[in-house]
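Pasting my_file18.cif here (mmCIF, C-alpha atoms):
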data_input
#
loop_
_atom_site.label_atom_id
_atom_site.label_comp_id
_atom_site.auth_asym_id
_atom_site.auth_seq_id
_atom_site.Cartn_x
_atom_site.Cartn_y
_atom_site.Cartn_z
CA MET A 296 -0.75 6.73 -18.64
CA ALA A 297 -3.15 9.69 -18.52
CA LEU A 298 -5.23 8.28 -21.40
CA ARG A 299 -5.53 4.90 -19.68
CA MET A 300 -6.68 6.54 -16.46
CA TRP A 301 -9.17 8.76 -18.30
CA ALA A 302 -10.62 5.72 -20.05
CA SER A 303 -10.78 3.85 -16.76
CA SER A 304 -12.51 6.78 -15.04
CA THR A 305 -15.07 7.14 -17.80
CA ALA A 306 -15.83 3.43 -17.78
CA ASN A 307 -16.35 3.48 -14.06
CA ALA A 308 -18.57 6.55 -14.27
CA LEU A 309 -20.73 4.79 -16.82
CA ARG A 310 -20.96 1.71 -14.61
CA LEU A 311 -21.97 3.91 -11.67
CA SER A 312 -24.68 5.65 -13.60
CA CYS A 313 -26.11 2.37 -14.89
CA VAL A 314 -25.86 0.21 -11.80
CA SER A 315 -26.04 2.47 -8.83
CA ARG A 316 -27.73 5.75 -9.56
CA PRO A 317 -27.70 7.81 -6.37
CA PRO A 318 -31.12 9.18 -5.44
CA LEU A 319 -31.63 12.88 -6.01
CA SER A 320 -32.39 14.92 -2.93
CA PRO A 321 -32.73 18.63 -2.17
CA ALA A 322 -29.21 18.60 -0.72
CA PHE A 323 -27.40 17.59 -3.88
CA SER A 324 -27.92 16.42 -7.46
CA LEU A 325 -25.76 15.12 -10.27
CA SER A 326 -24.09 18.08 -11.93
CA ARG A 327 -24.24 16.37 -15.32
CA CYS A 328 -25.07 12.99 -16.77
CA PHE A 329 -22.47 10.29 -15.87
CA SER A 330 -20.71 12.75 -13.54
CA SER A 331 -18.42 11.34 -10.87
CA VAL A 332 -18.31 14.66 -9.03
CA LEU A 333 -21.41 15.71 -7.14
CA ASP A 334 -22.87 19.14 -6.52
CA GLY A 335 -23.41 20.18 -2.94
CA LEU A 336 -20.15 18.64 -1.71
CA LYS A 337 -16.77 20.19 -1.05
CA TYR A 338 -13.53 18.53 -2.08
CA ALA A 339 -9.94 18.33 -0.85
CA SER A 340 -6.87 18.14 -3.08
CA SER A 341 -6.15 14.76 -1.49
CA HIS A 342 -9.44 13.50 -2.99
CA GLU A 343 -11.75 13.37 0.01
CA TRP A 344 -15.25 14.88 -0.02
CA VAL A 345 -17.25 16.61 2.70
CA LYS A 346 -21.04 16.99 2.94
CA HIS A 347 -21.95 19.57 5.56
CA GLU A 348 -25.49 19.28 6.87
CA GLY A 349 -26.38 21.23 9.98
CA SER A 350 -23.91 20.50 12.74
CA VAL A 351 -22.45 17.37 11.14
CA ALA A 352 -20.07 16.88 8.23
CA THR A 353 -19.83 13.51 6.48
CA ILE A 354 -16.49 12.56 4.94
CA GLY A 355 -15.42 9.96 2.41
CA ILE A 356 -13.13 9.50 -0.58
CA THR A 357 -14.16 10.56 -4.07
CA HIS A 358 -15.04 8.50 -7.10
CA HIS A 359 -11.74 9.67 -8.67
CA ALA A 360 -9.80 8.30 -5.70
CA GLN A 361 -11.54 4.92 -5.56
CA ASP A 362 -11.10 4.54 -9.30
CA HIS A 363 -7.37 5.18 -9.11
CA LEU A 364 -6.93 3.02 -6.01
CA GLY A 365 -8.60 -0.06 -7.43
CA GLU A 366 -10.66 -2.63 -5.54
CA VAL A 367 -10.71 -1.73 -1.85
CA VAL A 368 -10.28 -4.85 0.28
CA PHE A 369 -9.84 -3.38 3.76
CA VAL A 370 -10.75 -0.13 5.48
CA GLU A 371 -9.29 1.21 8.70
CA VAL A 372 -11.44 3.82 10.46
CA PRO A 373 -10.86 5.46 13.83
CA GLU A 374 -12.98 5.16 16.95
CA SER A 375 -15.90 7.49 17.46
CA GLY A 376 -15.13 10.20 20.00
CA GLY A 377 -11.67 10.89 18.67
CA SER A 378 -10.68 14.04 16.84
CA VAL A 379 -9.41 14.89 13.39
CA LYS A 380 -7.28 17.76 12.16
CA LYS A 381 -7.57 19.41 8.76
CA GLY A 382 -5.10 17.68 6.44
CA GLY A 383 -4.30 14.99 8.99
CA SER A 384 -4.70 11.27 8.35
CA PHE A 385 -7.59 9.56 10.15
CA GLY A 386 -7.64 6.15 8.53
CA ALA A 387 -6.54 4.08 5.57
CA VAL A 388 -7.84 1.93 2.76
CA GLU A 389 -6.09 -1.09 1.32
CA SER A 390 -6.18 -1.84 -2.39
CA VAL A 391 -3.84 -3.59 -4.80
CA LYS A 392 -1.30 -4.38 -2.07
CA ALA A 393 -1.16 -0.77 -0.89
CA THR A 394 -2.40 1.01 2.19
CA SER A 395 -3.36 4.58 1.37
CA ASP A 396 -3.94 7.24 3.99
CA VAL A 397 -7.31 8.97 4.09
CA ASN A 398 -7.02 12.55 5.27
CA SER A 399 -9.65 14.75 6.87
CA PRO A 400 -10.53 17.93 4.95
CA ILE A 401 -11.64 19.61 8.20
CA SER A 402 -10.98 19.59 11.94
CA GLY A 403 -13.45 18.36 14.50
CA GLU A 404 -14.77 15.59 16.73
CA ILE A 405 -15.67 12.22 15.23
CA VAL A 406 -19.30 11.52 16.14
CA GLU A 407 -19.90 8.42 14.03
CA VAL A 408 -17.95 5.95 11.92
CA ASN A 409 -19.28 3.70 9.17
CA THR A 410 -19.02 0.27 10.75
CA LYS A 411 -20.39 -1.41 7.58
CA LEU A 412 -17.00 -0.86 5.93
CA SER A 413 -15.32 -3.58 7.98
CA GLU A 414 -17.52 -6.27 6.41
CA SER A 415 -18.10 -4.49 3.10
CA PRO A 416 -15.02 -2.45 2.13
CA GLY A 417 -16.17 -2.54 -1.50
CA LEU A 418 -18.87 0.03 -0.66
CA ILE A 419 -16.13 2.60 -1.15
CA ASN A 420 -15.86 1.53 -4.79
CA SER A 421 -19.54 0.96 -5.51
CA SER A 422 -20.96 3.92 -3.58
CA PRO A 423 -18.20 6.36 -2.66
CA TYR A 424 -20.56 9.28 -1.94
CA GLU A 425 -23.32 7.39 -0.16
CA GLU A 426 -22.96 4.00 1.45
CA GLY A 427 -19.15 4.27 1.32
CA TRP A 428 -19.00 7.29 3.68
CA MET A 429 -16.25 6.87 6.27
CA ILE A 430 -16.72 9.23 9.23
CA LYS A 431 -19.07 11.93 10.47
CA VAL A 432 -17.50 14.89 12.20
CA LYS A 433 -18.74 17.82 14.25
CA PRO A 434 -16.67 20.62 12.70
CA SER A 435 -14.66 22.66 15.20
CA ASN A 436 -13.92 25.37 12.65
CA PRO A 437 -16.61 25.55 9.94
CA SER A 438 -14.69 28.24 8.07
CA GLU A 439 -12.27 25.50 6.96
CA LEU A 440 -14.97 24.37 4.52
CA GLU A 441 -14.57 27.59 2.59
CA SER A 442 -11.01 26.77 1.58
CA LEU A 443 -12.09 23.47 -0.02
CA MET A 444 -12.89 23.10 -3.72
CA GLY A 445 -16.36 23.15 -5.22
CA PRO A 446 -17.44 20.55 -7.82
CA LYS A 447 -16.27 22.46 -10.90
CA GLU A 448 -12.92 23.35 -9.37
CA TYR A 449 -12.40 19.76 -8.24
CA THR A 450 -13.31 18.36 -11.65
CA LYS A 451 -10.73 20.65 -13.26
CA PHE A 452 -8.19 19.70 -10.58
CA CYS A 453 -8.62 15.99 -11.35
CA GLU A 454 -8.34 16.55 -15.09
CA GLU A 455 -5.16 18.59 -14.67
CA GLU A 456 -3.66 16.07 -12.27
CA ASP A 457 -4.27 13.16 -14.63
CA ALA A 458 -3.04 15.12 -17.64
CA ALA A 459 0.22 15.95 -15.89
CA HIS A 460 1.10 12.26 -15.56
CA MET B 188 24.31 7.43 -17.26
CA SER B 189 26.55 10.41 -17.94
CA GLN B 190 27.30 12.87 -15.15
CA ALA B 191 25.67 15.61 -17.19
CA ARG B 192 22.36 13.71 -17.31
CA LYS B 193 22.53 13.00 -13.57
CA VAL B 194 22.46 16.72 -12.83
CA GLY B 195 18.93 17.66 -11.89
CA LEU B 196 17.90 14.17 -10.77
CA PRO B 197 16.37 14.08 -7.30
CA LEU B 198 18.62 12.92 -4.51
CA MET B 199 18.13 9.45 -2.99
CA ASN B 200 19.90 8.24 0.14
CA LEU B 201 21.10 4.65 -0.22
CA VAL B 202 21.40 2.54 2.90
CA ARG B 203 22.76 -1.00 2.72
CA PHE B 204 22.43 -3.59 5.48
CA ASN B 205 23.29 -7.25 5.86
CA GLY B 206 21.16 -9.55 8.00
CA VAL B 207 19.22 -6.83 9.84
CA PRO B 208 16.14 -8.27 11.59
CA ILE B 209 13.08 -7.59 9.47
CA LEU B 210 11.18 -5.98 12.37
CA LYS B 211 13.93 -3.37 12.76
CA GLN B 212 13.98 -2.79 9.01
CA LEU B 213 10.21 -2.24 8.91
CA HIS B 214 10.30 0.09 11.91
CA LEU B 215 13.00 2.11 10.17
CA GLU B 216 11.01 2.23 6.92
CA GLU B 217 7.79 3.33 8.60
CA LYS B 218 9.66 6.04 10.50
CA LEU B 219 11.37 7.31 7.34
CA LEU B 220 8.11 7.30 5.39
CA ARG B 221 6.29 9.30 8.06
CA THR B 222 8.96 11.64 9.40
CA SER B 223 11.60 12.19 6.69
CA SER B 224 11.32 14.40 3.63
CA ASP B 225 14.19 12.69 1.76
CA ASN B 226 14.02 9.91 -0.80
CA TRP B 227 15.48 6.63 0.46
CA CYS B 228 16.58 3.28 -0.91
CA ILE B 229 17.14 0.57 1.67
CA ILE B 230 18.72 -2.72 0.69
CA ASN B 231 18.86 -5.45 3.34
CA ASN B 232 20.83 -8.43 2.08
CA GLY B 233 19.02 -11.15 4.00
CA THR B 234 17.34 -11.04 7.37
CA ASN B 235 18.76 -12.85 10.38
CA SER B 236 16.15 -15.54 11.02
CA PRO B 237 12.93 -16.94 9.49
CA THR B 238 10.01 -14.63 10.17
CA VAL B 239 6.45 -14.46 8.88
CA VAL B 240 5.42 -11.00 7.72
CA MET B 241 1.73 -10.24 7.10
CA GLY B 242 0.15 -7.19 5.48
CA LEU B 243 -1.88 -4.66 7.44
CA SER B 244 -5.18 -6.48 7.04
CA GLY B 245 -3.85 -10.01 7.35
CA LYS B 246 -5.68 -12.49 9.61
CA PRO B 247 -3.40 -15.14 11.12
CA SER B 248 -6.12 -17.80 11.25
CA GLU B 249 -6.74 -17.47 7.51
CA LEU B 250 -3.16 -17.14 6.33
CA LEU B 251 -0.99 -19.28 8.62
CA ASP B 252 -0.65 -22.86 9.77
CA LEU B 253 -0.85 -21.62 13.34
CA GLU B 254 -0.08 -24.97 14.99
CA SER B 255 3.28 -25.18 13.19
CA VAL B 256 4.06 -21.50 13.67
CA LEU B 257 3.44 -21.78 17.43
CA GLN B 258 5.21 -25.11 17.77
CA ASP B 259 8.32 -23.83 15.98
CA GLN B 260 8.09 -20.41 17.62
CA VAL B 261 8.29 -18.55 14.33
CA PRO B 262 7.90 -14.80 14.89
CA VAL B 263 4.90 -13.20 13.13
CA ILE B 264 4.93 -9.52 12.22
CA LYS B 265 2.09 -7.38 10.94
CA ARG B 266 3.56 -4.64 8.75
CA PHE B 267 2.27 -1.19 7.89
CA THR B 268 1.92 -1.80 4.15
CA GLY B 269 -0.78 -3.71 2.31
CA GLY B 270 -0.44 -6.95 0.44
CA GLY B 271 0.01 -10.56 1.33
CA THR B 272 1.98 -12.82 3.65
CA VAL B 273 5.56 -13.90 3.19
CA ILE B 274 8.12 -15.93 5.11
CA VAL B 275 11.51 -14.27 5.00
CA ASP B 276 14.94 -15.51 6.03
CA PRO B 277 18.64 -15.07 5.21
CA GLY B 278 17.92 -16.02 1.58
CA THR B 279 15.59 -13.04 1.11
CA ILE B 280 16.88 -9.79 -0.37
CA PHE B 281 14.88 -6.70 0.52
CA VAL B 282 14.79 -3.59 -1.64
CA THR B 283 12.77 -0.60 -0.47
CA LEU B 284 12.10 2.70 -2.17
CA ILE B 285 10.66 5.62 -0.22
CA CYS B 286 9.86 8.63 -2.40
CA ASN B 287 8.28 12.03 -2.26
CA ARG B 288 5.13 12.13 -4.37
CA ASP B 289 6.70 14.23 -7.13
CA ALA B 290 10.08 12.50 -7.11
CA VAL B 291 9.43 10.36 -10.17
CA PRO B 292 7.99 12.17 -13.24
CA GLY B 293 4.78 10.60 -14.46
CA VAL B 294 4.15 8.55 -11.33
CA GLN B 295 0.96 9.33 -9.40
CA PRO B 296 0.64 8.35 -5.72
CA TYR B 297 -1.59 5.37 -6.50
CA PRO B 298 -0.64 1.70 -6.35
CA ARG B 299 -0.91 0.83 -10.03
CA SER B 300 1.03 3.88 -11.16
CA ILE B 301 3.84 3.17 -8.69
CA MET B 302 3.99 -0.49 -9.66
CA TYR B 303 4.00 0.31 -13.37
CA TRP B 304 7.14 2.38 -12.77
CA SER B 305 8.77 -0.17 -10.46
CA GLY B 306 8.10 -2.88 -13.05
CA MET B 307 10.05 -0.81 -15.56
CA LEU B 308 12.84 -0.20 -13.03
CA TYR B 309 13.32 -3.90 -12.39
CA GLY B 310 13.00 -4.49 -16.12
CA GLU B 311 16.29 -2.60 -16.36
CA VAL B 312 17.78 -4.86 -13.66
CA PHE B 313 16.70 -8.08 -15.35
CA LYS B 314 17.31 -6.93 -18.91
CA GLY B 315 18.34 -9.87 -21.04
CA ILE B 316 16.71 -12.46 -18.79
CA ASP B 317 13.84 -14.06 -20.64
CA GLY B 318 10.47 -14.07 -18.99
CA PHE B 319 10.92 -11.34 -16.39
CA HIS B 320 7.91 -9.12 -15.93
CA LEU B 321 5.50 -7.63 -13.45
CA ARG B 322 2.50 -9.95 -13.50
CA GLU B 323 -0.63 -9.03 -11.52
CA ASN B 324 1.56 -7.05 -9.10
CA ASP B 325 4.20 -9.76 -8.56
CA TYR B 326 7.68 -9.98 -10.07
CA VAL B 327 7.92 -13.21 -12.03
CA PHE B 328 10.07 -15.22 -14.37
CA GLY B 329 7.50 -16.72 -16.70
CA ASN B 330 4.63 -17.66 -14.42
CA SER B 331 6.75 -18.24 -11.30
CA LYS B 332 6.92 -15.58 -8.64
CA PHE B 333 10.25 -14.58 -7.14
CA GLY B 334 9.44 -11.15 -5.74
CA GLY B 335 6.46 -9.90 -3.74
CA ASN B 336 5.88 -6.23 -3.13
CA ALA B 337 3.70 -3.94 -1.08
CA GLN B 338 3.14 -0.25 -0.65
CA SER B 339 1.95 2.45 1.65
CA ILE B 340 0.91 5.84 0.34
CA THR B 341 0.61 8.99 2.42
CA ARG B 342 -0.42 12.49 1.42
CA GLU B 343 3.05 13.49 0.25
CA ARG B 344 5.08 10.25 0.01
CA TRP B 345 4.99 6.61 -0.88
CA ILE B 346 6.92 3.47 -0.14
CA HIS B 347 7.30 0.47 -2.40
CA HIS B 348 9.11 -2.45 -0.80
CA THR B 349 9.93 -5.83 -2.19
CA SER B 350 11.10 -9.13 -0.78
CA PHE B 351 13.05 -11.07 -3.40
CA LEU B 352 13.37 -14.84 -3.03
CA TRP B 353 17.00 -15.19 -3.93
CA ASP B 354 16.81 -18.52 -2.09
CA PHE B 355 14.40 -20.13 0.34
CA LYS B 356 13.84 -23.31 2.37
CA ALA B 357 10.93 -25.39 1.12
CA GLY B 358 10.00 -26.35 4.66
CA ASN B 359 9.41 -22.72 5.65
CA MET B 360 6.76 -22.29 2.98
CA ALA B 361 4.64 -24.83 4.83
CA TYR B 362 3.89 -22.18 7.48
CA LEU B 363 1.79 -20.31 4.91
CA LYS B 364 -1.70 -21.39 3.86
CA LEU B 365 -3.01 -20.89 0.34
CA PRO B 366 -4.59 -17.41 0.63
CA SER B 367 -8.23 -16.88 -0.31
CA ARG B 368 -7.20 -13.77 -2.23
CA ALA B 369 -4.55 -14.87 -4.70
CA PRO B 370 -3.55 -13.64 -8.17
CA GLU B 371 -5.34 -15.35 -11.04
CA TYR B 372 -2.14 -16.61 -12.60
CA ARG B 373 -1.43 -18.64 -9.46
CA LEU B 374 -4.18 -21.07 -10.57
CA ALA B 375 -4.44 -22.69 -7.12
CA ARG B 376 -0.84 -23.91 -7.28
CA SER B 377 0.86 -24.79 -4.03
CA HIS B 378 3.68 -22.53 -2.85
CA MET B 379 6.39 -24.79 -4.20
CA ASP B 380 4.82 -24.85 -7.66
CA PHE B 381 4.15 -21.12 -7.66
CA ILE B 382 7.50 -19.60 -6.63
CA CYS B 383 11.05 -19.84 -7.92
CA ARG B 384 14.52 -18.92 -6.72
CA MET B 385 16.24 -15.83 -8.13
CA LYS B 386 19.62 -17.53 -7.65
CA ASP B 387 18.79 -19.72 -10.63
CA TYR B 388 18.83 -16.58 -12.77
CA MET B 389 21.34 -14.12 -11.28
CA PRO B 390 24.11 -14.07 -8.65
CA ARG B 391 23.23 -12.24 -5.45
CA SER B 392 25.83 -9.48 -5.66
CA VAL B 393 25.09 -8.91 -9.37
CA PHE B 394 21.39 -8.36 -8.55
CA ILE B 395 22.20 -5.81 -5.87
CA ASP B 396 24.72 -3.96 -8.07
CA LYS B 397 22.33 -3.86 -11.02
CA THR B 398 19.52 -2.61 -8.78
CA VAL B 399 21.68 0.24 -7.47
CA ASN B 400 22.67 1.10 -11.05
CA ALA B 401 19.07 1.09 -12.24
CA ILE B 402 18.04 3.38 -9.38
CA GLY B 403 20.92 5.62 -10.39
CA ASN B 404 19.21 6.16 -13.75
CA HIS B 405 16.33 7.90 -11.96
CA PHE B 406 17.97 9.41 -8.89
CA SER B 407 21.27 10.89 -7.81
CA VAL B 408 22.22 8.14 -5.34
CA LYS B 409 24.10 9.06 -2.17
CA PRO B 410 25.35 6.15 -0.03
CA LEU B 411 24.72 6.74 3.65
CA ASP B 412 25.70 4.95 6.84
CA LEU B 413 22.78 4.50 9.19
CA ASP B 414 22.82 2.88 12.61
CA VAL B 415 19.59 0.89 12.45
CA ASN B 416 19.82 0.09 16.18
CA ALA B 417 19.94 3.77 17.06
CA VAL B 418 16.97 4.50 14.82
CA ALA B 419 15.06 1.49 16.16
CA ALA B 420 15.63 2.63 19.74
CA ASP B 421 14.24 5.98 18.75
CA VAL B 422 11.01 4.46 17.47
CA ALA B 423 9.52 4.39 20.94
CA ASP B 424 10.03 8.15 21.24
CA ALA B 425 8.81 8.98 17.76
CA LYS B 426 5.88 11.35 17.60
CA PHE B 427 4.17 9.27 14.96
CA VAL B 428 2.27 6.12 15.92
CA HIS B 429 3.93 3.23 14.12
CA THR B 430 1.68 0.33 13.18
CA THR B 431 4.24 -2.39 12.41
CA ARG B 432 4.35 -4.83 15.31
CA LEU B 433 5.28 -8.29 16.44
CA LEU B 434 2.20 -10.34 17.24
CA MET B 435 2.13 -11.75 20.76
CA LYS B 436 2.10 -15.50 21.33
CA GLU B 437 -1.23 -15.06 23.12
CA GLU B 438 -2.75 -13.47 20.02
CA LEU B 439 -1.68 -16.38 17.84
CA GLU B 440 -2.97 -18.90 20.40
CA GLU B 441 -6.29 -17.08 20.56
CA ALA B 442 -6.51 -17.06 16.75
CA LEU B 443 -5.84 -20.81 16.69
CA SER B 444 -8.41 -21.40 19.39
CA VAL B 445 -11.07 -19.39 17.55
CA SER B 446 -10.43 -21.10 14.22
CA THR B 447 -10.50 -24.55 15.88
CA ARG B 448 -13.87 -23.73 17.48
CA GLU B 449 -15.21 -22.53 14.11
CA LEU B 450 -14.09 -25.74 12.44
CA CYS B 451 -15.83 -27.78 15.14
CA HIS B 452 -19.07 -25.83 14.62
CA GLN B 453 -18.93 -26.40 10.88
CA SER B 454 -18.36 -30.17 11.07
#
Let me see the structure of the file written as structure tokens.
Amino acid sequence: MALRMWASSTANALRLSCVSRPPLSPAFSLSRCFSSVLDGLKYASSHEWVKHEGSVATIGITHHAQDHLGEVVFVEVPESGGSVKKGGSFGAVESVKATSDVNSPISGEIVEVNTKLSESPGLINSSPYEEGWMIKVKPSNPSELESLMGPKEYTKFCEEEDAAH
Amino acid sequence: MSQARKVGLPLMNLVRFNGVPILKQLHLEEKLLRTSSDNWCIINNGTNSPTVVMGLSGKPSELLDLESVLQDQVPVIKRFTGGGTVIVDPGTIFVTLICNRDAVPGVQPYPRSIMYWSGMLYGEVFKGIDGFHLRENDYVFGNSKFGGNAQSITRERWIHHTSFLWDFKAGNMAYLKLPSRAPEYRLARSHMDFICRMKDYMPRSVFIDKTVNAIGNHFSVKPLDLDVNAVAADVADAKFVHTTRLLMKEELEEALSVSTRELCHQS
């Protein structure tokens, strides 16, 4: 099972690097060729990412998560103006007959939601770190970001999780 | 399985119902998924009356023959799990598994991993019956579907529930349109050509007994009496926000009206 998932993840990473190479910017860059984990982001053990820029944090699910979930066919996001709590569910994605909760890595006020996802849920698969972002939050407790994983720690976490199954 | 091997298996509460309304069953399941920390198996041997059950993202105008549904006053439920649309009735047997994320060794909280394991579980149930397998996420004999399943996955738990067509009325299938998103093996077949009856392969009580036995190979099963009416009444007070609901007649009429207008614009 672990070998199949590793092969699947690698194949998807290769497809990402060939078809949709994210632009490099001062804020983040690919940590290595064909990487599915980006520098400059923080990661939760439930496989969501956070990009903190100024007073706003953008949240989505990772490449690892979308790969394991399969083709996303429906996304449920909350209304702007609501609030999220660290570790709490704020929405869901549907794939392969399953709804899967998406949890917020931090607490705060939702200031924007990605409305493109209702018409194009597949953005979560094709561009999980860019066009597939889900919500933007004004963090109420920025110190929560410090307890999240960095790219290397998250990469190791994913490898260990897959190896254990 | 020997008693010695059963030591150390995680506990699973087993609840058995007969003819419980599917809306009550789904409310119970969603509540147990979200608020319990136990593993549960729920078996409902038939539901009381024909009901359409859609997945979370289902659109009535795309999936249902709304004129017939409204004319015959068939209830339509939108459930909290993903997946497609089914029509259930007293001939449907429901088997639900609600598990903590680490309850089953080797299973990750992702749909394909869960279904790979459930396919093996039901392989134990249907051992010796030619042609049973999990095919593109459906349970089939050969290329005919007899069991549809769906899941919901939270941070710490998951639910995998299945409606098995032990028997069904051909007329009821007419309420369902051919979905735009269908498994490849369906090959555009109509409902009647695509599905089959489990009763042609296994008696009803034998299926339920074998399912309980198979679950007992993975869990230490503890039968439990549960008053579904008491739990259902409690749903309104639950702290979690349940998403399973009965669609209002007005919603279905509006969906029919919108789809009729769209058809007129296209022609």
Identify the residues within 12 Å of coordinate (22.3, -5.2, -9.3) (same frame as the file), considering only C-alpha atoms, and give the answer as a ChimeraX atom specification.
/B:230,232,280,282,308-314,389-403
Using only C-alpha atoms, which of B:Val418, B:Ile301, B:Val256, B:Leu352 sits nearest chain A?
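For chain A, the nearest of the given residues is B:Ile301.
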What residues come out when you apply the PyMOL selection byres ((chain A) within 7 of (chain B)) to this file, written as JSON, numbers by chain?
{"A": [341, 363, 364, 369, 389, 391, 392, 393, 394, 395, 396, 460]}
List, as a PyMOL selection string, every residue that the PyMOL selection byres ((chain B and resi 411) around 8) selects in the file provided.
chain B and resi 200-202+409-410+412-413
Would you mind exporting the chosen residues as an mmCIF file, in the frame of the given file, restricted to C-alpha atoms?
data_model
loop_
_atom_site.group_PDB
_atom_site.id
_atom_site.type_symbol
_atom_site.label_atom_id
_atom_site.label_comp_id
_atom_site.auth_asym_id
_atom_site.auth_seq_id
_atom_site.Cartn_x
_atom_site.Cartn_y
_atom_site.Cartn_z
ATOM 1 C CA ASN B 200 19.900 8.240 0.140
ATOM 2 C CA LEU B 201 21.100 4.650 -0.220
ATOM 3 C CA VAL B 202 21.400 2.540 2.900
ATOM 4 C CA LYS B 409 24.100 9.060 -2.170
ATOM 5 C CA PRO B 410 25.350 6.150 -0.030
ATOM 6 C CA ASP B 412 25.700 4.950 6.840
ATOM 7 C CA LEU B 413 22.780 4.500 9.190
#
Can you translate the PyMOL selection byres ((chain A and resi 426) around 10) into the concrete residues it hits in this file, as a list in words?
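This file, filtered by the PyMOL selection byres ((chain A and resi 426) around 10), leaves Pro317, Gly355, Asn409, Lys411, Leu412, Ser415, Gly417, Leu418, Ile419, Asn420, Ser421, Ser422, Pro423, Tyr424, Glu425, Gly427, Trp428 and Met429 of chain A.
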How many Å lie between CA of Ala387 (chain A) and CA of Ala352 (chain A), rounded to one decimal?
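Atom-to-atom, CA of Ala387 (chain A) and CA of Ala352 (chain A) are spaced 18.8 Å apart.
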Would you kindly return, as a count of residues only, each protein, DNA or RNA residue with an atom no farther than 10 Å from any atom of Asn235 (chain B), considering only C-alpha atoms and excluding same-chain residues fewer than 5 positions away?
10
Quick one: pull the distance between CA of Gly445 (chain A) and CA of Pro373 (chain A), Å, one decimal.
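CA of Pro373 (chain A) lies at a distance of 26.6 Å from CA of Gly445 (chain A).
For the atom pair formed by CA of Ile405 (chain A) and CA of Lys218 (chain B), the distance is 26.5 Å, given to one decimal.
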So, with all atoms listed in the file as the atoms that count, which of A:Ser399, A:Glu454, A:Val408, A:Phe385 lies closest to Glu439 (chain A)?
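Selected residue with least distance to Glu439 (chain A): A:Ser399.
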Give me the residues within 9 Å of Leu439 (chain B) as an NGL selection string, counting all atoms listed in the file and dropping any in the same chain fewer than 5 places off.
:B and (247-248 or 253 or 256-257 or 263 or 434 or 444)
Output, as lines of an AutoDock Vina configuration file, the centre and edge lengths in Å (one decimal) of the axis-aligned box that contains all listed atoms of region 423-429 of chain A with 5 Å of margin on each side.
center_x = -19.8
center_y = 6.6
center_z = 1.8
size_x = 17.1
size_y = 15.3
size_z = 18.9
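Minimum distance to Ala369 (chain B) across B:Leu250, B:Met435, B:Met385, B:Val291 (counting all atoms listed in the file) occurs at B:Leu250.
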Excluding region 375-384 of chain B and any residue of its chain fewer than 6 positions from it, enumerate the residues within 9 Å of it, using all atoms listed in the file, and give them as JSON, numbers by chain.
{"B": [327, 328, 330, 331, 332, 333, 334, 351, 352, 353, 354, 355, 357, 360, 361, 363, 364, 365, 369]}
Which residue, B:Lys211, B:Arg203, B:Thr222, B:Lys246, has the smallest gap to Val445 (chain B) when you use all atoms listed in the file?
B:Lys246
If you count all atoms listed in the file, which residues fall within 9 Å of Ser402 (chain A), apart from same-chain ones fewer than 5 positions away, as a ChimeraX atom specification?
/A:378-383,432-437,439
